[in-house]
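Peer 1: Enclosed is the structure file upload_0.txt (compact mmCIF, C-alpha atoms and all ligand atoms).
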```
# COMPACT_ATOMS: atom_id res chain seq x y z
CA MET A 1 63.77 50.70 -0.07
CA LEU A 2 60.99 49.55 2.25
CA GLN A 3 59.85 52.17 4.73
CA LEU A 4 59.59 50.00 7.85
CA PRO A 5 59.03 51.52 11.28
CA ASN A 6 60.34 48.38 12.90
CA ARG A 7 63.26 46.30 11.76
CA PRO A 8 63.81 43.60 14.43
CA ARG A 9 66.92 42.47 12.58
CA ARG A 10 68.70 45.69 13.68
CA LEU A 11 69.09 44.16 17.12
CA ARG A 12 70.46 40.88 15.79
CA SER A 13 73.37 42.31 13.88
CA SER A 14 76.26 41.43 16.21
CA PRO A 15 77.11 38.85 18.87
CA VAL A 16 77.45 41.58 21.50
CA LEU A 17 74.05 43.02 20.74
CA ARG A 18 72.46 39.58 20.71
CA ALA A 19 74.06 38.65 24.01
CA MET A 20 73.02 41.97 25.54
CA LEU A 21 69.38 41.42 24.65
CA ARG A 22 69.17 37.70 25.34
CA GLU A 23 66.12 37.12 27.56
CA THR A 24 66.85 33.64 28.84
CA THR A 25 69.92 32.68 30.81
CA LEU A 26 71.30 29.42 32.08
CA ARG A 27 73.78 28.87 34.90
CA PRO A 28 75.52 25.64 35.95
CA GLU A 29 73.91 26.01 39.40
CA GLN A 30 70.58 25.24 37.76
CA LEU A 31 71.67 21.78 36.62
CA ILE A 32 71.22 18.45 38.39
CA LEU A 33 73.06 15.29 37.26
CA PRO A 34 71.43 11.87 37.82
CA LEU A 35 73.79 9.10 39.01
CA PHE A 36 73.03 5.37 38.91
CA VAL A 37 74.69 3.46 41.70
CA SER A 38 74.66 -0.32 41.50
CA GLU A 39 75.33 -2.92 44.14
CA LYS A 40 75.79 -5.58 41.45
CA ILE A 41 78.96 -4.45 39.71
CA THR A 42 82.60 -3.76 40.50
CA THR A 43 83.48 -1.62 37.47
CA PRO A 44 81.39 1.04 35.68
CA ALA A 45 78.88 -0.55 33.28
CA PRO A 46 77.96 1.47 30.19
CA ILE A 47 74.26 1.90 29.45
CA THR A 48 73.98 1.08 25.75
CA SER A 49 70.96 3.28 25.05
CA MET A 50 72.52 6.23 26.87
CA PRO A 51 76.02 6.74 25.45
CA GLY A 52 78.37 8.21 28.05
CA VAL A 53 76.13 7.24 31.00
CA PHE A 54 77.20 4.42 33.32
CA GLN A 55 75.92 2.35 36.19
CA LEU A 56 78.53 2.91 38.87
CA PRO A 57 79.76 0.70 41.67
CA LEU A 58 79.83 2.45 45.03
CA ASP A 59 83.56 3.05 44.92
CA CYS A 60 83.38 4.90 41.59
CA VAL A 61 80.60 7.30 42.58
CA VAL A 62 82.79 9.88 44.25
CA ALA A 63 85.14 10.06 41.25
CA GLU A 64 82.22 10.55 38.88
CA ALA A 65 80.73 13.25 41.10
CA CYS A 66 84.14 14.94 41.39
CA ALA A 67 84.45 15.13 37.61
CA ALA A 68 81.06 16.82 37.46
CA VAL A 69 81.99 19.21 40.28
CA GLU A 70 85.09 20.20 38.33
CA ALA A 71 82.88 21.02 35.37
CA GLY A 72 80.65 23.13 37.64
CA VAL A 73 77.79 20.79 38.60
CA LYS A 74 77.11 20.66 42.33
CA ALA A 75 73.80 18.83 42.56
CA PHE A 76 73.17 15.13 42.03
CA LEU A 77 70.08 12.92 41.89
CA ILE A 78 70.84 9.43 43.17
CA PHE A 79 69.23 6.24 41.87
CA GLY A 80 70.08 2.83 43.32
CA ILE A 81 70.18 -0.64 41.81
CA PRO A 82 70.14 -3.26 44.59
CA GLN A 83 71.73 -6.70 44.64
CA LYS A 84 68.37 -8.27 45.57
CA LYS A 85 64.79 -7.29 44.89
CA ASP A 86 61.62 -8.50 46.63
CA ASP A 87 57.91 -7.67 46.74
CA ARG A 88 58.28 -5.31 49.71
CA ALA A 89 61.15 -3.21 48.29
CA THR A 90 63.22 -3.98 51.38
CA GLY A 91 66.36 -2.52 49.81
CA ALA A 92 64.69 0.85 49.30
CA HIS A 93 64.38 1.60 53.01
CA ALA A 94 67.25 -0.45 54.45
CA GLY A 95 69.67 1.61 56.51
CA ASP A 96 72.52 0.04 54.56
CA GLY A 97 70.72 0.09 51.20
CA ILE A 98 72.65 1.13 48.14
CA VAL A 99 71.19 4.65 47.98
CA GLN A 100 71.78 5.22 51.69
CA ARG A 101 75.39 4.06 51.39
CA ALA A 102 75.99 6.23 48.32
CA VAL A 103 74.55 9.27 50.09
CA ARG A 104 76.72 8.74 53.17
CA LEU A 105 79.81 8.39 51.03
CA LEU A 106 79.08 11.42 48.86
CA LYS A 107 78.25 13.64 51.84
CA LYS A 108 81.46 12.56 53.53
CA GLU A 109 83.75 13.05 50.54
CA LEU A 110 82.00 16.03 48.92
CA PRO A 111 80.16 17.77 51.76
CA GLU A 112 79.64 20.94 49.72
CA CYS A 113 77.58 19.08 47.09
CA LEU A 114 73.81 18.87 47.12
CA ILE A 115 72.61 15.28 47.24
CA ILE A 116 69.04 14.62 46.13
CA THR A 117 67.61 11.11 46.34
CA ASP A 118 64.98 9.63 44.08
CA VAL A 119 62.40 8.13 46.43
CA CYS A 120 60.78 5.24 44.63
CA LEU A 121 60.27 1.52 45.03
CA CYS A 122 60.39 0.28 41.44
CA GLU A 123 64.13 -0.45 41.37
CA PHE A 124 63.75 -2.50 44.56
CA MET A 125 60.58 -4.42 43.68
CA SER A 126 60.84 -7.83 42.01
CA HIS A 127 57.89 -6.85 39.79
CA GLY A 128 59.25 -3.40 38.93
CA HIS A 129 56.17 -1.39 39.95
CA CYS A 130 56.43 1.78 42.04
CA GLY A 131 54.32 0.37 44.88
CA ILE A 132 52.99 -2.75 46.58
CA VAL A 133 51.06 -5.01 44.23
CA ASP A 134 47.97 -6.86 45.51
CA LYS A 135 46.69 -10.32 44.52
CA SER A 136 44.90 -8.99 41.47
CA GLN A 137 48.09 -7.22 40.33
CA ARG A 138 46.82 -3.77 41.26
CA VAL A 139 49.21 -1.24 42.75
CA GLU A 140 47.98 -0.34 46.24
CA ASN A 141 48.17 3.28 47.24
CA ASP A 142 48.23 3.64 51.00
CA SER A 143 50.42 0.67 51.87
CA SER A 144 52.88 1.87 49.21
CA VAL A 145 52.93 5.32 50.80
CA GLU A 146 54.02 3.70 54.09
CA LEU A 147 57.07 2.21 52.37
CA LEU A 148 57.81 5.45 50.55
CA VAL A 149 57.72 7.29 53.89
CA LYS A 150 60.21 4.81 55.38
CA THR A 151 62.40 5.19 52.32
CA ALA A 152 62.41 8.98 52.41
CA VAL A 153 63.21 9.07 56.13
CA SER A 154 66.06 6.59 55.68
CA HIS A 155 67.49 8.79 52.91
CA ALA A 156 67.32 11.84 55.18
CA ARG A 157 69.00 9.85 57.95
CA ALA A 158 71.80 8.94 55.55
CA GLY A 159 72.30 12.64 54.93
CA ALA A 160 70.27 13.44 51.81
CA ASP A 161 69.88 17.18 51.35
CA ILE A 162 66.60 16.84 49.43
CA VAL A 163 64.27 13.89 48.91
CA ALA A 164 62.47 13.51 45.59
CA PRO A 165 59.47 11.13 45.53
CA SER A 166 58.87 9.88 41.97
CA ASP A 167 56.22 7.21 42.53
CA MET A 168 52.99 9.19 41.90
CA MET A 169 51.02 7.60 44.78
CA ASP A 170 48.34 9.88 46.22
CA GLY A 171 49.09 11.59 49.51
CA ARG A 172 52.75 10.66 49.67
CA ILE A 173 54.05 14.20 49.96
CA GLY A 174 52.02 14.99 53.09
CA ALA A 175 52.90 11.65 54.66
CA ILE A 176 56.60 12.10 53.93
CA ARG A 177 56.57 15.70 55.21
CA GLU A 178 54.99 14.64 58.49
CA ALA A 179 57.40 11.74 58.98
CA LEU A 180 60.45 13.86 58.14
CA ASP A 181 59.34 16.49 60.65
CA GLU A 182 58.77 13.88 63.35
CA ALA A 183 62.18 12.33 62.71
CA GLY A 184 63.87 15.71 63.15
CA PHE A 185 64.28 16.57 59.47
CA SER A 186 61.96 19.55 59.27
CA ASN A 187 64.63 21.38 57.26
CA THR A 188 64.93 18.70 54.58
CA PRO A 189 63.10 19.93 51.47
CA ILE A 190 60.91 17.74 49.27
CA MET A 191 61.24 17.97 45.51
CA SER A 192 58.10 16.31 44.27
CA TYR A 193 57.77 14.61 40.91
CA ALA A 194 54.38 16.33 40.91
CA ALA A 195 53.34 16.13 37.26
CA LYS A 196 54.89 12.89 36.11
CA PHE A 197 53.42 11.53 32.93
CA CYS A 198 53.20 7.91 31.82
CA SER A 199 55.71 8.36 29.05
CA ALA A 200 57.38 6.26 26.37
CA PHE A 201 60.45 8.44 26.93
CA TYR A 202 61.45 6.54 30.11
CA GLY A 203 62.49 3.46 28.11
CA PRO A 204 66.29 3.81 28.34
CA PHE A 205 66.12 4.69 32.06
CA ARG A 206 64.35 1.42 32.82
CA ASN A 207 67.31 -0.42 31.33
CA ALA A 208 69.69 1.80 33.26
CA ALA A 209 67.87 1.35 36.56
CA GLU A 210 66.67 -2.19 35.85
CA SER A 211 63.20 -1.07 36.85
CA ALA A 212 60.88 -2.00 33.97
CA PRO A 213 57.53 -3.35 35.21
CA GLN A 214 57.37 -7.12 34.73
CA PHE A 215 53.64 -7.00 33.90
CA GLY A 216 51.22 -4.26 32.96
CA ASP A 217 52.29 -0.63 32.81
CA ARG A 218 52.29 2.47 35.00
CA ARG A 219 49.07 4.01 33.69
CA THR A 220 47.16 3.60 36.95
CA TYR A 221 49.55 5.87 38.80
CA GLN A 222 51.49 8.03 36.32
CA MET A 223 49.51 10.66 34.45
CA ASP A 224 47.85 10.47 31.06
CA PRO A 225 49.98 12.49 28.60
CA ALA A 226 46.81 14.19 27.34
CA ASN A 227 46.04 15.93 30.64
CA ALA A 228 47.15 19.47 31.41
CA GLU A 229 44.40 20.58 33.80
CA GLU A 230 45.02 17.47 35.88
CA ALA A 231 48.74 18.30 35.98
CA LEU A 232 47.88 21.60 37.62
CA ARG A 233 45.66 19.81 40.15
CA GLU A 234 48.47 17.34 40.92
CA VAL A 235 50.95 20.17 41.47
CA GLY A 236 48.43 22.02 43.66
CA LEU A 237 47.88 18.94 45.81
CA ASP A 238 51.61 18.39 46.31
CA LEU A 239 52.14 22.03 47.26
CA ASP A 240 49.26 21.83 49.75
CA GLN A 241 50.95 18.79 51.29
CA GLY A 242 54.27 20.56 51.65
CA ALA A 243 56.29 20.13 48.46
CA ASP A 244 59.08 22.71 48.27
CA ILE A 245 60.02 22.19 44.63
CA VAL A 246 57.70 20.72 42.03
CA MET A 247 58.80 18.85 38.95
CA VAL A 248 57.39 18.27 35.51
CA LYS A 249 58.54 15.14 33.71
CA PRO A 250 59.39 14.43 30.89
CA GLY A 251 60.70 17.75 29.63
CA LEU A 252 60.65 18.54 25.94
CA PRO A 253 57.21 17.11 25.07
CA TYR A 254 55.72 18.83 28.16
CA LEU A 255 57.02 22.40 27.97
CA ASP A 256 53.44 23.71 27.97
CA ILE A 257 52.97 22.07 31.37
CA VAL A 258 56.17 23.67 32.70
CA ARG A 259 54.93 27.07 31.54
CA ARG A 260 51.48 26.63 33.06
CA VAL A 261 52.80 25.29 36.37
CA LYS A 262 55.22 28.20 36.68
CA GLU A 263 52.55 30.78 35.83
CA GLU A 264 49.90 29.27 38.03
CA PHE A 265 51.93 28.60 41.18
CA ARG A 266 55.09 30.75 41.01
CA VAL A 267 57.11 28.21 42.99
CA PRO A 268 60.51 26.65 42.32
CA THR A 269 59.92 24.38 39.35
CA ALA A 270 62.17 21.64 38.03
CA VAL A 271 62.01 19.83 34.73
CA TYR A 272 63.36 16.33 34.05
CA ASN A 273 65.02 16.02 30.65
CA VAL A 274 64.51 12.25 30.63
CA SER A 275 66.43 9.30 29.26
CA GLY A 276 64.46 8.99 26.00
CA GLU A 277 65.05 12.64 25.18
CA PHE A 278 68.74 12.04 25.82
CA ALA A 279 68.90 8.82 23.79
CA ALA A 280 67.11 10.36 20.79
CA ILE A 281 69.48 13.31 20.47
CA LYS A 282 72.54 11.13 21.13
CA ALA A 283 71.52 8.69 18.40
CA ALA A 284 70.95 11.47 15.88
CA ALA A 285 74.25 13.10 16.81
CA GLN A 286 76.13 9.81 16.48
CA ASN A 287 74.75 9.49 12.98
CA GLY A 288 75.94 12.98 12.15
CA TRP A 289 72.33 14.11 11.72
CA LEU A 290 72.50 17.00 14.14
CA ASP A 291 75.01 18.97 16.13
CA GLU A 292 74.74 17.62 19.69
CA ARG A 293 76.08 20.66 21.49
CA ALA A 294 73.92 23.14 19.58
CA ALA A 295 70.82 20.97 19.93
CA VAL A 296 71.37 20.41 23.66
CA MET A 297 71.97 24.08 24.40
CA GLU A 298 68.81 24.92 22.48
CA MET A 299 66.88 22.39 24.59
CA MET A 300 68.29 23.79 27.83
CA THR A 301 67.32 27.29 26.74
CA ALA A 302 63.82 26.03 25.93
CA PHE A 303 63.43 24.57 29.45
CA ARG A 304 64.48 27.85 31.01
CA ARG A 305 62.34 29.90 28.63
CA ALA A 306 59.31 27.75 29.49
CA GLY A 307 59.83 28.60 33.16
CA ALA A 308 61.99 25.85 34.67
CA ASP A 309 64.25 26.99 37.49
CA LEU A 310 66.10 23.68 37.63
CA ILE A 311 66.96 21.15 34.95
CA ILE A 312 67.68 17.49 35.69
CA THR A 313 69.70 16.24 32.75
CA TYR A 314 72.19 13.54 31.79
CA TRP A 315 74.05 16.31 29.92
CA ALA A 316 74.63 18.37 33.09
CA LYS A 317 78.40 17.93 33.02
CA ASP A 318 78.70 18.75 29.31
CA VAL A 319 76.39 21.74 29.58
CA ALA A 320 78.33 23.13 32.55
CA ARG A 321 81.54 22.76 30.58
CA TRP A 322 80.07 24.34 27.45
CA LEU A 323 78.81 27.29 29.51
CA LYS A 324 82.39 28.01 30.59
CA GLU A 325 83.86 28.04 27.08
C1 LIG B 1 61.28 5.87 38.98
C2 LIG B 1 61.75 6.82 37.95
C3 LIG B 1 61.70 6.74 36.54
C4 LIG B 1 62.40 7.84 36.05
C5 LIG B 1 62.82 8.57 37.14
N1 LIG B 1 62.41 7.94 38.32
C6 LIG B 1 61.17 5.69 35.67
C7 LIG B 1 59.74 5.38 35.60
O1 LIG B 1 58.89 6.08 36.15
O2 LIG B 1 59.45 4.37 34.98
C8 LIG B 1 62.65 8.14 34.59
C9 LIG B 1 63.87 8.96 34.29
C10 LIG B 1 64.31 8.95 32.89
O3 LIG B 1 63.67 8.38 31.99
O4 LIG B 1 65.37 9.56 32.64
N2 LIG B 1 59.95 5.70 39.12
```
What do you get writing this file as structure tokens?

Peer 2:
Amino acid sequence: MLQLPNRPRRLRSSPVLRAMLRETTLRPEQLILPLFVSEKITTPAPITSMPGVFQLPLDCVVAEACAAVEAGVKAFLIFGIPQKKDDRATGAHAGDGIVQRAVRLLKKELPECLIITDVCLCEFMSHGHCGIVDKSQRVENDSSVELLVKTAVSHARAGADIVAPSDMMDGRIGAIREALDEAGFSNTPIMSYAAKFCSAFYGPFRNAAESAPQFGDRRTYQMDPANAEEALREVGLDLDQGADIVMVKPGLPYLDIVRRVKEEFRVPTAVYNVSGEFAAIKAAAQNGWLDERAAVMEMMTAFRRAGADLIITYWAKDVARWLKE
């Protein structure tokens, strides 16, 4: 017999003991479910690359949110797909835009829910970029910020509980904070997509949101995947400008960033478990190559263990249900 002073396996011998000593916990309150609302359809349209996820017409949004609420999810992130796009993203900041209408409806029918809006222009721009494009096809910063500010304020006016700018223009958080305050929304928090990387994992989302750039890519505004120090600087800047919650995106390939952001700043930190992460696991599960539920719960645990307080995930409803079983 080995004479071992420490036998870590002693504490793994029963489910009760393992549960008692589990360091990382997950609650349904920590989950946020993205919803895609489209002005172009009258019945839910499945997104092929994201099995189980649909574009929803306005009159199906409440039912979908209700189903999630029943499972235990109370927070939603709203994306809009407009009927018409142009090169000034008019639909993004229109009082009767698709996001604004969805927010009004959800707040009326489910007032106890938390409605977060994605503040971006790409879904509303004919060219699919997250800002105004100049004659030489460059994405302008400051003029784009003006439109983002208008968009965020219109979301708050519609009743959004939190606005979440995802565009990665410089200075947008400060500008949005100031405008929200002036418009009487000083209590509306900002969840900033602070460290958003230029990632291949957004592919399925761009189909879902019909927001793929028609030329070029997003490398001049989204971050280089190789940069961790810069991610900390980005988060610092957004906090200085008034961000209340900071986000790291994507999730799984960037857990080191989540950990460093949480350790460095000690502020509420969200992680976005993006469409490509979802599609990859779904595809493997559909082939019988891995156990979806076990793999997803392991991912969720990893996000929490890395330091995320909140998880934005297309699995929110399933995870909430699994947590109850
Ligand atoms: C809009 C936006 C994107 C995502 C969230 N907001 C796409 C992009 O930046 O191209 C991606 C979400 C996902 O992949 O699940 N700018």

Peer 1: Place a sphere of radius 12 Å on (84.0, 4.5, 40.6) in the file coordinates and name every protein, DNA or RNA residue with an atom inside or on its surface, counting all atoms listed in the file; give the answer as a JSON list (two decimals) with C-alpha atoms, keeping the file's coordinate frame.

Peer 2:
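Saved result, point.json, follows:
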```
[["chain", "number", "residue", "atom", "x", "y", "z"],
["A", 35, "LEU", "CA", 73.79, 9.10, 39.01],
["A", 36, "PHE", "CA", 73.03, 5.37, 38.91],
["A", 37, "VAL", "CA", 74.69, 3.46, 41.70],
["A", 38, "SER", "CA", 74.66, -0.32, 41.50],
["A", 39, "GLU", "CA", 75.33, -2.92, 44.14],
["A", 41, "ILE", "CA", 78.96, -4.45, 39.71],
["A", 42, "THR", "CA", 82.60, -3.76, 40.50],
["A", 43, "THR", "CA", 83.48, -1.62, 37.47],
["A", 44, "PRO", "CA", 81.39, 1.04, 35.68],
["A", 45, "ALA", "CA", 78.88, -0.55, 33.28],
["A", 54, "PHE", "CA", 77.20, 4.42, 33.32],
["A", 55, "GLN", "CA", 75.92, 2.35, 36.19],
["A", 56, "LEU", "CA", 78.53, 2.91, 38.87],
["A", 57, "PRO", "CA", 79.76, 0.70, 41.67],
["A", 58, "LEU", "CA", 79.83, 2.45, 45.03],
["A", 59, "ASP", "CA", 83.56, 3.05, 44.92],
["A", 60, "CYS", "CA", 83.38, 4.90, 41.59],
["A", 61, "VAL", "CA", 80.60, 7.30, 42.58],
["A", 62, "VAL", "CA", 82.79, 9.88, 44.25],
["A", 63, "ALA", "CA", 85.14, 10.06, 41.25],
["A", 64, "GLU", "CA", 82.22, 10.55, 38.88],
["A", 65, "ALA", "CA", 80.73, 13.25, 41.10],
["A", 66, "CYS", "CA", 84.14, 14.94, 41.39],
["A", 67, "ALA", "CA", 84.45, 15.13, 37.61],
["A", 102, "ALA", "CA", 75.99, 6.23, 48.32],
["A", 105, "LEU", "CA", 79.81, 8.39, 51.03],
["A", 106, "LEU", "CA", 79.08, 11.42, 48.86]]
```

Peer 1: May I have the protein, DNA and RNA residues with an atom at most 12 Å from (47.5, 12.9, 34.0), counting all atoms listed in the file in the file's coordinates, returned as a short mmCIF file (atom, residue, chain, number, x, y, z; two decimals) with C-alpha atoms, keeping the file's coordinate frame?

Peer 2:
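This went into result.cif:
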```
data_model
loop_
_atom_site.label_atom_id
_atom_site.label_comp_id
_atom_site.auth_asym_id
_atom_site.auth_seq_id
_atom_site.Cartn_x
_atom_site.Cartn_y
_atom_site.Cartn_z
CA MET A 168 52.99 9.19 41.90
CA ALA A 194 54.38 16.33 40.91
CA ALA A 195 53.34 16.13 37.26
CA LYS A 196 54.89 12.89 36.11
CA PHE A 197 53.42 11.53 32.93
CA CYS A 198 53.20 7.91 31.82
CA SER A 199 55.71 8.36 29.05
CA ARG A 218 52.29 2.47 35.00
CA ARG A 219 49.07 4.01 33.69
CA THR A 220 47.16 3.60 36.95
CA TYR A 221 49.55 5.87 38.80
CA GLN A 222 51.49 8.03 36.32
CA MET A 223 49.51 10.66 34.45
CA ASP A 224 47.85 10.47 31.06
CA PRO A 225 49.98 12.49 28.60
CA ALA A 226 46.81 14.19 27.34
CA ASN A 227 46.04 15.93 30.64
CA ALA A 228 47.15 19.47 31.41
CA GLU A 229 44.40 20.58 33.80
CA GLU A 230 45.02 17.47 35.88
CA ALA A 231 48.74 18.30 35.98
CA LEU A 232 47.88 21.60 37.62
CA ARG A 233 45.66 19.81 40.15
CA GLU A 234 48.47 17.34 40.92
CA VAL A 235 50.95 20.17 41.47
CA VAL A 248 57.39 18.27 35.51
CA LYS A 249 58.54 15.14 33.71
CA TYR A 254 55.72 18.83 28.16
CA ILE A 257 52.97 22.07 31.37
#
```

Peer 1: Write as JSON, numbers by chain the residues around ligand LIG 1 (chain B), taking 10 Å as the cut-off and counting all atoms listed in the file.

Peer 2: {"A": [34, 50, 77, 78, 79, 118, 119, 120, 121, 122, 123, 128, 129, 130, 131, 164, 165, 166, 167, 168, 193, 196, 197, 198, 199, 200, 201, 202, 203, 204, 205, 206, 207, 208, 209, 210, 211, 212, 213, 217, 218, 221, 222, 249, 250, 251, 272, 273, 274, 275, 276, 277, 278, 279, 312, 313, 314]}

Peer 1: For a test of reading the model, state the distance in Å between CA of Leu26 (chain A) and CA of Lys282 (chain A), rounded to one decimal.

Peer 2: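 Taking CA of Leu26 (chain A) and CA of Lys282 (chain A), their separation equals 21.4 Å.
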
Peer 1: Just to confirm, what's the straight-line distance from CA of Gln241 (chain A) to CA of Val103 (chain A) in Å (one decimal)?

Peer 2: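 So the two atoms, CA of Gln241 (chain A) and CA of Val103 (chain A), lie 25.5 Å apart.
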
Peer 1: Of the candidates A:Arg177, A:Phe76, A:Met169, A:Gly216, which shows the shortest atom-to-atom distance to His127 (chain A), using all atoms listed in the file?

Peer 2: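 Under the stated criterion, the closest residue is A:Gly216.
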
Peer 1: So what do you get for CA of Pro189 (chain A) versus CA of Glu146 (chain A), distance-wise?

Peer 2: 18.8 Å

Peer 1: Can you list, as an MDAnalysis selection string, every protein, DNA or RNA residue that comes within 8 Å of Asp87 (chain A) when you count all atoms listed in the file, leaving out same-chain residues fewer than 2 positions away?

Peer 2: chainID A and resid 85 89:90 125:127 132:133

Peer 1: Under the rule that only C-alpha atoms are counted, which of A:Gln286, A:Thr188, A:Thr24, A:Asn141 is the nearest residue to Thr117 (chain A)?

Peer 2: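 Using only C-alpha atoms, the shortest distance to Thr117 (chain A) belongs to A:Thr188.
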
Peer 1: Please determine, counting all atoms listed in the file, which residue among A:Ala306, A:Ile81, A:Ala243, A:Leu4 has the shortest atom-to-atom distance to Asp256 (chain A).

Peer 2: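 Answer, going by the shortest atom-to-atom distance: A:Ala306.
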
Peer 1: Using all atoms listed in the file, find the one residue out of A:Thr269, A:Ser192, A:Gln100, A:Ser49 that sits nearest to Ala283 (chain A).

Peer 2: A:Ser49

Peer 1: For Arg22 (chain A), which of A:Lys324, A:Arg305, A:Lys317, A:Arg7 is the closest residue, counting only C-alpha atoms?

Peer 2: A:Arg305

Peer 1: Could you pull the residues within 12 Å of Ala295 (chain A), counting all atoms listed in the file, minus those fewer than 2 positions along the same chain, as a list in words?

Peer 2: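 Close residues of Ala295 (chain A): Glu277, Phe278, Ala280, Ile281, Lys282, Ala284, Ala285, Trp289, Leu290, Asp291, Glu292, Arg293, Met297, Glu298, Met299, Met300, Thr301, Ala302, Trp315 and Val319 of chain A.
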
Peer 1: Grab the residues selected above and save them as an mmCIF file, keeping the file's coordinate frame with C-alpha atoms.

Peer 2:
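Below you can see out.cif, which holds the result:
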```cif
data_model
loop_
_atom_site.group_PDB
_atom_site.id
_atom_site.type_symbol
_atom_site.label_atom_id
_atom_site.label_comp_id
_atom_site.auth_asym_id
_atom_site.auth_seq_id
_atom_site.Cartn_x
_atom_site.Cartn_y
_atom_site.Cartn_z
ATOM 1 C CA GLU A 277 65.050 12.640 25.180
ATOM 2 C CA PHE A 278 68.740 12.040 25.820
ATOM 3 C CA ALA A 280 67.110 10.360 20.790
ATOM 4 C CA ILE A 281 69.480 13.310 20.470
ATOM 5 C CA LYS A 282 72.540 11.130 21.130
ATOM 6 C CA ALA A 284 70.950 11.470 15.880
ATOM 7 C CA ALA A 285 74.250 13.100 16.810
ATOM 8 C CA TRP A 289 72.330 14.110 11.720
ATOM 9 C CA LEU A 290 72.500 17.000 14.140
ATOM 10 C CA ASP A 291 75.010 18.970 16.130
ATOM 11 C CA GLU A 292 74.740 17.620 19.690
ATOM 12 C CA ARG A 293 76.080 20.660 21.490
ATOM 13 C CA MET A 297 71.970 24.080 24.400
ATOM 14 C CA GLU A 298 68.810 24.920 22.480
ATOM 15 C CA MET A 299 66.880 22.390 24.590
ATOM 16 C CA MET A 300 68.290 23.790 27.830
ATOM 17 C CA THR A 301 67.320 27.290 26.740
ATOM 18 C CA ALA A 302 63.820 26.030 25.930
ATOM 19 C CA TRP A 315 74.050 16.310 29.920
ATOM 20 C CA VAL A 319 76.390 21.740 29.580
#
```

Peer 1: Given only C-alpha atoms as the basis, pick out the residue of A:Ser14, A:Gln83, A:Thr25, A:Asn187 nearest to Lys40 (chain A).

Peer 2: A:Gln83

Peer 1: Could you add the missing atoms to region 251-255 of chain A, up to all heavy atoms, and return them as an mmCIF file, in the coordinates of the input?

Peer 2:
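Writing done, so here's selection_21.cif:
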```cif
data_model
loop_
_atom_site.group_PDB
_atom_site.id
_atom_site.type_symbol
_atom_site.label_atom_id
_atom_site.label_comp_id
_atom_site.auth_asym_id
_atom_site.auth_seq_id
_atom_site.Cartn_x
_atom_site.Cartn_y
_atom_site.Cartn_z
ATOM 1 N N GLY A 251 60.486 16.340 29.863
ATOM 2 C CA GLY A 251 60.700 17.750 29.630
ATOM 3 C C GLY A 251 60.190 18.251 28.289
ATOM 4 O O GLY A 251 59.132 18.888 28.201
ATOM 5 N N LEU A 252 60.912 17.931 27.242
ATOM 6 C CA LEU A 252 60.650 18.540 25.940
ATOM 7 C C LEU A 252 59.207 18.393 25.449
ATOM 8 O O LEU A 252 58.624 19.363 24.994
ATOM 9 C CB LEU A 252 61.637 17.953 24.907
ATOM 10 C CG LEU A 252 62.197 18.939 23.890
ATOM 11 C CD1 LEU A 252 62.663 20.235 24.536
ATOM 12 C CD2 LEU A 252 63.319 18.287 23.106
ATOM 13 N N PRO A 253 58.582 17.194 25.573
ATOM 14 C CA PRO A 253 57.210 17.110 25.070
ATOM 15 C C PRO A 253 56.184 17.782 26.001
ATOM 16 O O PRO A 253 55.000 17.811 25.691
ATOM 17 C CB PRO A 253 56.935 15.605 24.993
ATOM 18 C CG PRO A 253 58.249 14.939 25.222
ATOM 19 C CD PRO A 253 59.090 15.881 25.985
ATOM 20 N N TYR A 254 56.645 18.293 27.153
ATOM 21 C CA TYR A 254 55.720 18.830 28.160
ATOM 22 C C TYR A 254 56.043 20.271 28.557
ATOM 23 O O TYR A 254 55.741 20.697 29.668
ATOM 24 C CB TYR A 254 55.684 17.901 29.392
ATOM 25 C CG TYR A 254 55.145 16.536 29.036
ATOM 26 C CD1 TYR A 254 55.989 15.549 28.531
ATOM 27 C CD2 TYR A 254 53.780 16.253 29.130
ATOM 28 C CE1 TYR A 254 55.507 14.317 28.137
ATOM 29 C CE2 TYR A 254 53.286 15.013 28.749
ATOM 30 C CZ TYR A 254 54.152 14.044 28.254
ATOM 31 O OH TYR A 254 53.652 12.827 27.865
ATOM 32 N N LEU A 255 56.636 21.025 27.638
ATOM 33 C CA LEU A 255 57.020 22.400 27.970
ATOM 34 C C LEU A 255 55.799 23.276 28.273
ATOM 35 O O LEU A 255 55.898 24.231 29.040
ATOM 36 C CB LEU A 255 57.817 23.027 26.819
ATOM 37 C CG LEU A 255 59.235 22.482 26.610
ATOM 38 C CD1 LEU A 255 59.926 23.251 25.504
ATOM 39 C CD2 LEU A 255 60.049 22.577 27.893
#
```
